[in-house]
Amino acid sequence: MPVMTRTVTAAVMLIGDEILSGRTQDTNLRTIAHFLQPLGVQVREARVVPDVRETIIATVNELRARFDYVFTTGGIGPTHDDITADSMAAAFGDTIDVREDARAALLAHYPQRGLELTEGRLRMARIPASATLIANPVSGAPGFQIGNVFVMAGVPSVMRGMLQDIGHRIEGGAVIHARTVRAKGLREGDLSQPLRDLSETHAAVSLGSYPWMRTDAEGRPDYGVALVARSADAAALDAAASALAELVRAQGQTPEIDPVD
């Protein structure tokens with residue numbers, strides 16, 4: 001089987017005043033990025049936007065023109081401030097109304113649980129005319145795909161359920177893998193120039209450094225740097241990981257290669 005070399009990119013758009021205010025801590029970005037990585041889709045950008053129609057429209061139109069895929073979370077619930085679906089319809093110049101396939105999905109969920117399909121809940125069946133539904137095995141109310149944009153719920157458990165109906169729609173590219181070399185007791189300043197040199201000699205690999213600072217169980221300082229190599233080229237990645245380990249040894253420390261976090 002040939003190795004995919006095409007680069008496929010995505011952006012994530014997190015919609016909601018509650019994220020910007022700090023009331024809600026987002027976990028969806030991490031989940032989406034981890035979901036897309038083995039599919040050969042690289043998340044290149046993330047935005048957090050408020051529940052403002054004009055901002056949602058402008059942002060999604062910008063992102064869908066620049067990236068292969070856009071994933072949005074939030075704002076498709078039953079309350080007045082859930083304006084994502086209407087904003088997406090406007091962004092695509094589409095009409096929107098309650099759709100029978102979306103209504104059927106809600107009817108299959110709520111009455112079986114002894115709940116009434118109220119007018120408020122029926123708002124979640126408002127879907128742009130040209131969109132295709134994204135199944136929601138958790139709470140019934142569907143998300144949707146319109147063009148290259150996947151519109152999903154903001155509740156993490158519901159969003160994860162919706163991802164199950166997205167993988168088969170993705171045309172991926174090169175899968176990026178990563179190797180980690182952890183250097184306990186070193187600081188980024190110790191490694192800046194050698195790491196720069198390695199980045200030039202291993203041009204097919206992206207190299208990054210990520211410091212940590214904390215205290216151990218006895219309250220003593222615990223610090224170091226995690227050196228991460230990323231590439232779609234397995235041989236180049238292994239060579240870079242070996243070079244990173246040698247770099248750590250040259251600084252008088254013992255490297256931890258691909259540690260289990």
# chains A, B, ... in the order shown; residues from 1 in each chain; ligands from 1
>>> residues_around(residues="Leu14 in chain A", least_positions_apart="6", cutoff="9 Å", atoms="only C-alpha atoms", output="list of chain:residue names")
A:Asp26, A:Asn28, A:Leu29, A:Ala46, A:Arg47, A:Val48, A:Val49, A:Pro50, A:Phe71, A:Thr72, A:Thr73, A:Gly74, A:Gly154
>>> residues_around(residues="range 230-238 of chain A", least_positions_apart="3", cutoff="9 Å", atoms="only C-alpha atoms", output="PDB file with N, CA, C and O atoms, in the first residue's frame")
ATOM      1  N   MET A   4       0.754   7.669   2.032  1.00  0.00           N
ATOM      2  CA  MET A   4       0.146   8.946   1.692  1.00  0.00           C
ATOM      3  C   MET A   4       1.121  10.078   2.010  1.00  0.00           C
ATOM      4  O   MET A   4       1.719  10.108   3.085  1.00  0.00           O
ATOM      5  N   THR A   5       1.303  10.979   1.058  1.00  0.00           N
ATOM      6  CA  THR A   5       2.208  12.103   1.270  1.00  0.00           C
ATOM      7  C   THR A   5       1.493  13.443   1.240  1.00  0.00           C
ATOM      8  O   THR A   5       2.087  14.464   1.549  1.00  0.00           O
ATOM      9  N   ALA A 174      -1.025  12.356   4.742  1.00  0.00           N
ATOM     10  CA  ALA A 174       0.112  11.796   5.452  1.00  0.00           C
ATOM     11  C   ALA A 174      -0.151  11.787   6.953  1.00  0.00           C
ATOM     12  O   ALA A 174      -0.579  12.791   7.521  1.00  0.00           O
ATOM     13  N   VAL A 175       0.105  10.650   7.586  1.00  0.00           N
ATOM     14  CA  VAL A 175      -0.082  10.530   9.028  1.00  0.00           C
ATOM     15  C   VAL A 175       1.203  10.958   9.733  1.00  0.00           C
ATOM     16  O   VAL A 175       2.287  10.413   9.463  1.00  0.00           O
ATOM     17  N   ILE A 176       1.092  11.925  10.607  1.00  0.00           N
ATOM     18  CA  ILE A 176       2.250  12.422  11.352  1.00  0.00           C
ATOM     19  C   ILE A 176       2.414  11.619  12.632  1.00  0.00           C
ATOM     20  O   ILE A 176       1.471  11.484  13.420  1.00  0.00           O
ATOM     21  N   HIS A 177       3.622  11.078  12.828  1.00  0.00           N
ATOM     22  CA  HIS A 177       3.935  10.349  14.055  1.00  0.00           C
ATOM     23  C   HIS A 177       4.912  11.171  14.892  1.00  0.00           C
ATOM     24  O   HIS A 177       5.541  12.108  14.396  1.00  0.00           O
ATOM     25  N   ALA A 178       5.022  10.812  16.152  1.00  0.00           N
ATOM     26  CA  ALA A 178       5.874  11.576  17.064  1.00  0.00           C
ATOM     27  C   ALA A 178       6.742  10.642  17.898  1.00  0.00           C
ATOM     28  O   ALA A 178       6.333   9.521  18.237  1.00  0.00           O
ATOM     29  N   ARG A 179       7.948  11.094  18.207  1.00  0.00           N
ATOM     30  CA  ARG A 179       8.836  10.430  19.151  1.00  0.00           C
ATOM     31  C   ARG A 179       9.223  11.463  20.209  1.00  0.00           C
ATOM     32  O   ARG A 179       9.447  12.635  19.893  1.00  0.00           O
ATOM     33  N   THR A 180       9.306  11.030  21.455  1.00  0.00           N
ATOM     34  CA  THR A 180       9.624  11.938  22.556  1.00  0.00           C
ATOM     35  C   THR A 180      10.893  11.481  23.267  1.00  0.00           C
ATOM     36  O   THR A 180      11.047  10.282  23.562  1.00  0.00           O
ATOM     37  N   HIS A 202      18.103  17.669  10.187  1.00  0.00           N
ATOM     38  CA  HIS A 202      16.961  16.750  10.071  1.00  0.00           C
ATOM     39  C   HIS A 202      15.761  17.545   9.545  1.00  0.00           C
ATOM     40  O   HIS A 202      14.748  17.716  10.235  1.00  0.00           O
ATOM     41  N   ALA A 203      15.899  18.007   8.324  1.00  0.00           N
ATOM     42  CA  ALA A 203      14.918  18.938   7.759  1.00  0.00           C
ATOM     43  C   ALA A 203      13.551  18.305   7.538  1.00  0.00           C
ATOM     44  O   ALA A 203      12.541  19.012   7.460  1.00  0.00           O
ATOM     45  N   ALA A 204      13.485  16.974   7.440  1.00  0.00           N
ATOM     46  CA  ALA A 204      12.198  16.305   7.194  1.00  0.00           C
ATOM     47  C   ALA A 204      11.401  16.111   8.474  1.00  0.00           C
ATOM     48  O   ALA A 204      10.305  15.541   8.450  1.00  0.00           O
ATOM     49  N   VAL A 205      11.953  16.593   9.596  1.00  0.00           N
ATOM     50  CA  VAL A 205      11.336  16.375  10.909  1.00  0.00           C
ATOM     51  C   VAL A 205      11.118  17.723  11.588  1.00  0.00           C
ATOM     52  O   VAL A 205      11.976  18.604  11.548  1.00  0.00           O
ATOM     53  N   SER A 206       9.969  17.862  12.226  1.00  0.00           N
ATOM     54  CA  SER A 206       9.691  19.043  13.041  1.00  0.00           C
ATOM     55  C   SER A 206      10.126  18.756  14.469  1.00  0.00           C
ATOM     56  O   SER A 206       9.709  17.749  15.063  1.00  0.00           O
ATOM     57  N   LEU A 207      10.973  19.622  15.026  1.00  0.00           N
ATOM     58  CA  LEU A 207      11.477  19.431  16.384  1.00  0.00           C
ATOM     59  C   LEU A 207      10.935  20.522  17.298  1.00  0.00           C
ATOM     60  O   LEU A 207      10.900  21.692  16.929  1.00  0.00           O
ATOM     61  N   GLY A 208      10.552  20.124  18.494  1.00  0.00           N
ATOM     62  CA  GLY A 208      10.049  21.076  19.470  1.00  0.00           C
ATOM     63  C   GLY A 208      10.538  20.740  20.860  1.00  0.00           C
ATOM     64  O   GLY A 208      10.880  19.590  21.154  1.00  0.00           O
ATOM     65  N   ALA A 241      15.079  11.016  16.495  1.00  0.00           N
ATOM     66  CA  ALA A 241      14.942  10.622  17.900  1.00  0.00           C
ATOM     67  C   ALA A 241      16.280  10.157  18.469  1.00  0.00           C
ATOM     68  O   ALA A 241      16.634  10.489  19.613  1.00  0.00           O
ATOM     69  N   SER A 242      17.038   9.410  17.675  1.00  0.00           N
ATOM     70  CA  SER A 242      18.364   8.968  18.127  1.00  0.00           C
ATOM     71  C   SER A 242      19.289  10.160  18.339  1.00  0.00           C
ATOM     72  O   SER A 242      20.060  10.208  19.312  1.00  0.00           O
ATOM     73  N   ALA A 243      19.204  11.133  17.437  1.00  0.00           N
ATOM     74  CA  ALA A 243      20.043  12.324  17.570  1.00  0.00           C
ATOM     75  C   ALA A 243      19.666  13.129  18.813  1.00  0.00           C
ATOM     76  O   ALA A 243      20.543  13.683  19.494  1.00  0.00           O
TER      77      ALA A 243
END
>>> closest_residue(among="A:Leu117, A:Ala153, A:Arg103, A:Gly93", to="Ser130 in chain A", atoms="only C-alpha atoms")
A:Gly93
>>> residues_around(residues="Arg66 in chain A", least_positions_apart="3", cutoff="10 Å", atoms="only C-alpha atoms", output="ChimeraX atom specification")
/A:9-11,60-63,69-70
>>> atom_distance(atom1="CA of Leu107 in chain A", atom2="CA of Phe92 in chain A")
27.8 Å
>>> residues_around(residues="Val52 in chain A", least_positions_apart="4", cutoff="10 Å", atoms="only C-alpha atoms", output="NGL selection string")
:A and (15-17 or 56-57 or 81-84 or 87)
>>> closest_residue(among="A:Asn148, A:Val181, A:Pro128, A:Thr7", to="Ile166 in chain A", atoms="only C-alpha atoms")
A:Asn148
>>> atom_distance(atom1="CA of Ala33 in chain A", atom2="CA of Tyr210 in chain A")
18.3 Å
>>> residues_around(residues="Glu188 in chain A", least_positions_apart="4", cutoff="7 Å", atoms="only C-alpha atoms", output="ChimeraX atom specification")
/A:192,211,225
>>> select_by_dssp(residues="range 10-230 of chain A", states="strand (DSSP E or B)", output="number ranges by chain")
A: 10-15, 42-49, 69-73, 96-98, 126-128, 132-134, 143-146, 149-152, 177-184, 206-215, 221-230
>>> atom_distance(atom1="CA of Leu122 in chain A", atom2="CA of Ala105 in chain A")
10.5 Å
>>> residues_around(residues="Ala141 in chain A", least_positions_apart="4", cutoff="9 Å", atoms="only C-alpha atoms", output="PyMOL selection string")
chain A and resi 76-77+102-103+105-106+109+121+124-125+135-137+153
>>> write_last_selection(atoms="N, CA and C atoms", output="PDB file, in the first residue's frame")
ATOM      1  N   ILE A  76     -25.419  24.512  19.393  1.00  0.00           N
ATOM      2  CA  ILE A  76     -26.492  23.858  18.629  1.00  0.00           C
ATOM      3  C   ILE A  76     -27.542  23.237  19.562  1.00  0.00           C
ATOM      4  N   GLY A  77     -27.679  23.814  20.743  1.00  0.00           N
ATOM      5  CA  GLY A  77     -28.657  23.332  21.708  1.00  0.00           C
ATOM      6  C   GLY A  77     -30.029  23.970  21.526  1.00  0.00           C
ATOM      7  N   ALA A 102     -34.149  15.312  10.892  1.00  0.00           N
ATOM      8  CA  ALA A 102     -33.683  15.705  12.219  1.00  0.00           C
ATOM      9  C   ALA A 102     -34.788  15.551  13.259  1.00  0.00           C
ATOM     10  N   ARG A 103     -36.025  15.887  12.871  1.00  0.00           N
ATOM     11  CA  ARG A 103     -37.147  15.678  13.783  1.00  0.00           C
ATOM     12  C   ARG A 103     -37.279  14.197  14.134  1.00  0.00           C
ATOM     13  N   ALA A 105     -34.940  11.997  14.274  1.00  0.00           N
ATOM     14  CA  ALA A 105     -33.889  11.629  15.211  1.00  0.00           C
ATOM     15  C   ALA A 105     -34.264  12.010  16.641  1.00  0.00           C
ATOM     16  N   LEU A 106     -34.889  13.168  16.801  1.00  0.00           N
ATOM     17  CA  LEU A 106     -35.325  13.591  18.134  1.00  0.00           C
ATOM     18  C   LEU A 106     -36.476  12.738  18.640  1.00  0.00           C
ATOM     19  N   HIS A 109     -35.496   9.609  20.175  1.00  0.00           N
ATOM     20  CA  HIS A 109     -34.742   9.711  21.429  1.00  0.00           C
ATOM     21  C   HIS A 109     -35.618  10.099  22.617  1.00  0.00           C
ATOM     22  N   ARG A 121     -36.873  22.002  22.341  1.00  0.00           N
ATOM     23  CA  ARG A 121     -36.060  20.887  21.857  1.00  0.00           C
ATOM     24  C   ARG A 121     -36.151  20.755  20.338  1.00  0.00           C
ATOM     25  N   MET A 124     -33.546  22.113  17.909  1.00  0.00           N
ATOM     26  CA  MET A 124     -32.338  21.362  17.566  1.00  0.00           C
ATOM     27  C   MET A 124     -32.495  20.580  16.268  1.00  0.00           C
ATOM     28  N   ALA A 125     -33.724  20.580  15.703  1.00  0.00           N
ATOM     29  CA  ALA A 125     -33.948  19.971  14.389  1.00  0.00           C
ATOM     30  C   ALA A 125     -33.838  20.987  13.263  1.00  0.00           C
ATOM     31  N   ALA A 135     -24.887  11.822  13.158  1.00  0.00           N
ATOM     32  CA  ALA A 135     -25.633  11.091  14.180  1.00  0.00           C
ATOM     33  C   ALA A 135     -25.112  11.413  15.576  1.00  0.00           C
ATOM     34  N   ASN A 136     -26.045  11.444  16.523  1.00  0.00           N
ATOM     35  CA  ASN A 136     -25.716  11.713  17.921  1.00  0.00           C
ATOM     36  C   ASN A 136     -26.216  10.550  18.765  1.00  0.00           C
ATOM     37  N   PRO A 137     -25.352   9.565  19.055  1.00  0.00           N
ATOM     38  CA  PRO A 137     -25.795   8.400  19.826  1.00  0.00           C
ATOM     39  C   PRO A 137     -25.964   8.673  21.310  1.00  0.00           C
ATOM     40  N   ALA A 153     -21.775  19.336  18.805  1.00  0.00           N
ATOM     41  CA  ALA A 153     -22.161  19.845  20.123  1.00  0.00           C
ATOM     42  C   ALA A 153     -20.934  20.265  20.919  1.00  0.00           C
TER      43      ALA A 153
END
>>> residues_around(residues="Lys184 in chain A", least_positions_apart="3", cutoff="9 Å", atoms="only C-alpha atoms", output="NGL selection string")
:A and (187 or 222-226 or 253-256)
>>> closest_residue(among="A:Ser139, A:Thr215, A:Gln145, A:Thr55", to="Ser157 in chain A", atoms="only C-alpha atoms")
A:Ser139
>>> closest_residue(among="A:Arg182, A:Trp212, A:Thr201, A:Gly189", to="Asp258 in chain A", atoms="only C-alpha atoms")
A:Arg182
